[in-house]
Amino acid sequence: MGEQASKAASAKGAATPQGKVSAKKPKAAKPESRLAMVRRARRINRELAEIYPYAHPELDFRNPFELLVATVLSAQTTDLRVNQTTPALFAAYPTPEDMAAAAPEHLEELIRPTGFFRMKAKSLLGLSQALRDNFGGEVPGRLDDLVTLPGVGRKTANVVLGNAFGVPGITVDTHFGRLVRRWKWTEQQDPEKVEAEICAIFPKSEWTMLSHRVVFHGRRICHSQRPACGACPIAPLCPAYGEGETDPEKARKLLKYEKGGQPGQRLTPPPDYPGLPALPLGGAPAPS
């Protein structure tokens, strides 16, 4: 061994116990830049548009009033339970004027399956009376007007505006909030702050459909407790990949609604929906 090599070996041996070379610490991953996050978020939206080209509001409705009522009823329950409840409700009270004149006890009984029926009945009576007295019996098409109605906040207003009036809006429900945090688009918990941060990432024209796509994904694949990571088409873009089941076969068993070969939430889904209609209360097939 030459003199220089000998000195180098001696120095290396002195630097670590018993002459062993210490392993280098791996470099910490660089934090994702704002620009990189925005690009990733927009790519996820494009991917979701291909996965769910049929994404739609999962509440059955035929007009703005029915959507408004159904959205108020959807608090603390499933869209399916609302859809199973509203046919009888709208048969009895098809207009704001009709509902404003309803006997509270009868209204409560009709909406009982949705839970919190006394509080919801109070909201429905209040908003129907306000529509009758202040808006000529018509649902207004402005957010500032909608949020003056009893039981109507920004989330409900954005649902109605986006799906009954074509006014873009982000709907921050439970599924939307947890997925955008899981994807690191925001760290906010407050729905209005989440809405503001997500609106800043996407063009306004995408807001309504983005809301539907994210909610569809949260209900079908990216579940709260056991996300089906191994069956998720956007797994390569997800910073939370691995929080759920990664085995493809096991993950496929976690899929819900049309992705799992089961009925959807609407009794009257859009024509392009690839799954089965939901069953009404009692389980009998819906009349054609």
# chains A, B, ... in the order shown; residues from 1 in each chain; ligands from 1
>>> closest_atom_pairs(of="stretch 232-280 of chain A", to="stretch 179-193 of chain A", cutoff="12 Å", atoms="only C-alpha atoms", output="CSV")
residue,atom,partner,partner_atom,distance
A:Ile234,CA,A:Trp183,CA,10.6
A:Ala235,CA,A:Trp183,CA,10.4
A:Pro236,CA,A:Trp183,CA,11.4
A:Leu237,CA,A:Trp183,CA,8.4
A:Cys238,CA,A:Trp183,CA,5.9
A:Pro239,CA,A:Trp183,CA,6.0
A:Ala240,CA,A:Arg182,CA,6.2
A:Tyr241,CA,A:Arg182,CA,9.4
A:Gly242,CA,A:Arg182,CA,11.7
A:Glu243,CA,A:Arg182,CA,9.9
A:Gly244,CA,A:Arg182,CA,11.9
>>> residues_around(residues="A:Ser211", least_positions_apart="4", cutoff="12 Å", atoms="only C-alpha atoms", output="PyMOL selection string")
chain A and resi 45+48-49+52+55-58+155+158-159+162-163+168-177+179-180+195+198-199+202+204-207+215-218
>>> closest_residue(among="A:Ala102, A:Gly166, A:Leu68, A:Asp144", to="A:Leu127", atoms="only C-alpha atoms")
A:Leu68
>>> select_by_dssp(residues="stretch 7-254 of chain A", states="alpha helix (DSSP H)", output="NGL selection string")
:A and (7-15 or 34-51 or 64-73 or 79-92 or 96-100 or 104-111 or 117-134 or 143-146 or 154-164 or 174-182 or 191-199 or 207-220 or 248-252)
>>> closest_residue(among="A:Ile201, A:Ala103, A:Ala121, A:Ala251", to="A:Pro150", atoms="only C-alpha atoms")
A:Ala121
>>> residues_around(residues="A:Leu131", least_positions_apart="4", cutoff="9 Å", atoms="only C-alpha atoms", output="list in words")
Pro96, Glu97, Ala100, Gly126, Leu127, Phe135, Gly136, Gly137, Glu138, Val139, Pro140 and Leu149 of chain A
>>> residues_around(residues="A:Gly115", least_positions_apart="6", cutoff="10 Å", atoms="only C-alpha atoms", output="PyMOL selection string")
chain A and resi 73-77+81-82+108
>>> atom_distance(atom1="atom CA of A:Glu258", atom2="atom CA of A:Thr114")
23.2 Å
>>> atom_distance(atom1="atom CA of A:Leu210", atom2="atom CA of A:Glu249")
28.4 Å
>>> closest_residue(among="A:Ile111, A:Ala101, A:Ala231, A:Leu146", to="A:Ser128", atoms="only C-alpha atoms")
A:Ala101
>>> residues_around(residues="A:Thr86", least_positions_apart="3", cutoff="9 Å", atoms="only C-alpha atoms", output="list in words")
Asp60, Phe61, Glu66, Val69, Ala70, Arg81, Val82, Asn83, Leu89, Phe90, Ala91, Leu110 and Ile111 of chain A
>>> closest_residue(among="A:Arg213, A:Arg226, A:Arg118, A:Arg266", to="A:Glu47", atoms="only C-alpha atoms")
A:Arg213
>>> residues_around(residues="A:Ala164", least_positions_apart="6", cutoff="9 Å", atoms="only C-alpha atoms", output="list in words")
Asn63, Pro64, Leu67 and Gly141 of chain A
>>> atom_distance(atom1="atom CA of A:Ala157", atom2="atom CA of A:Leu143")
5.9 Å
>>> closest_residue(among="A:Thr85, A:Val147, A:Phe65, A:Ile51", to="A:Phe117", atoms="only C-alpha atoms")
A:Thr85
>>> closest_residue(among="A:Lys259, A:Arg42, A:Lys122, A:His212", to="A:Leu107", atoms="only C-alpha atoms")
A:Lys122
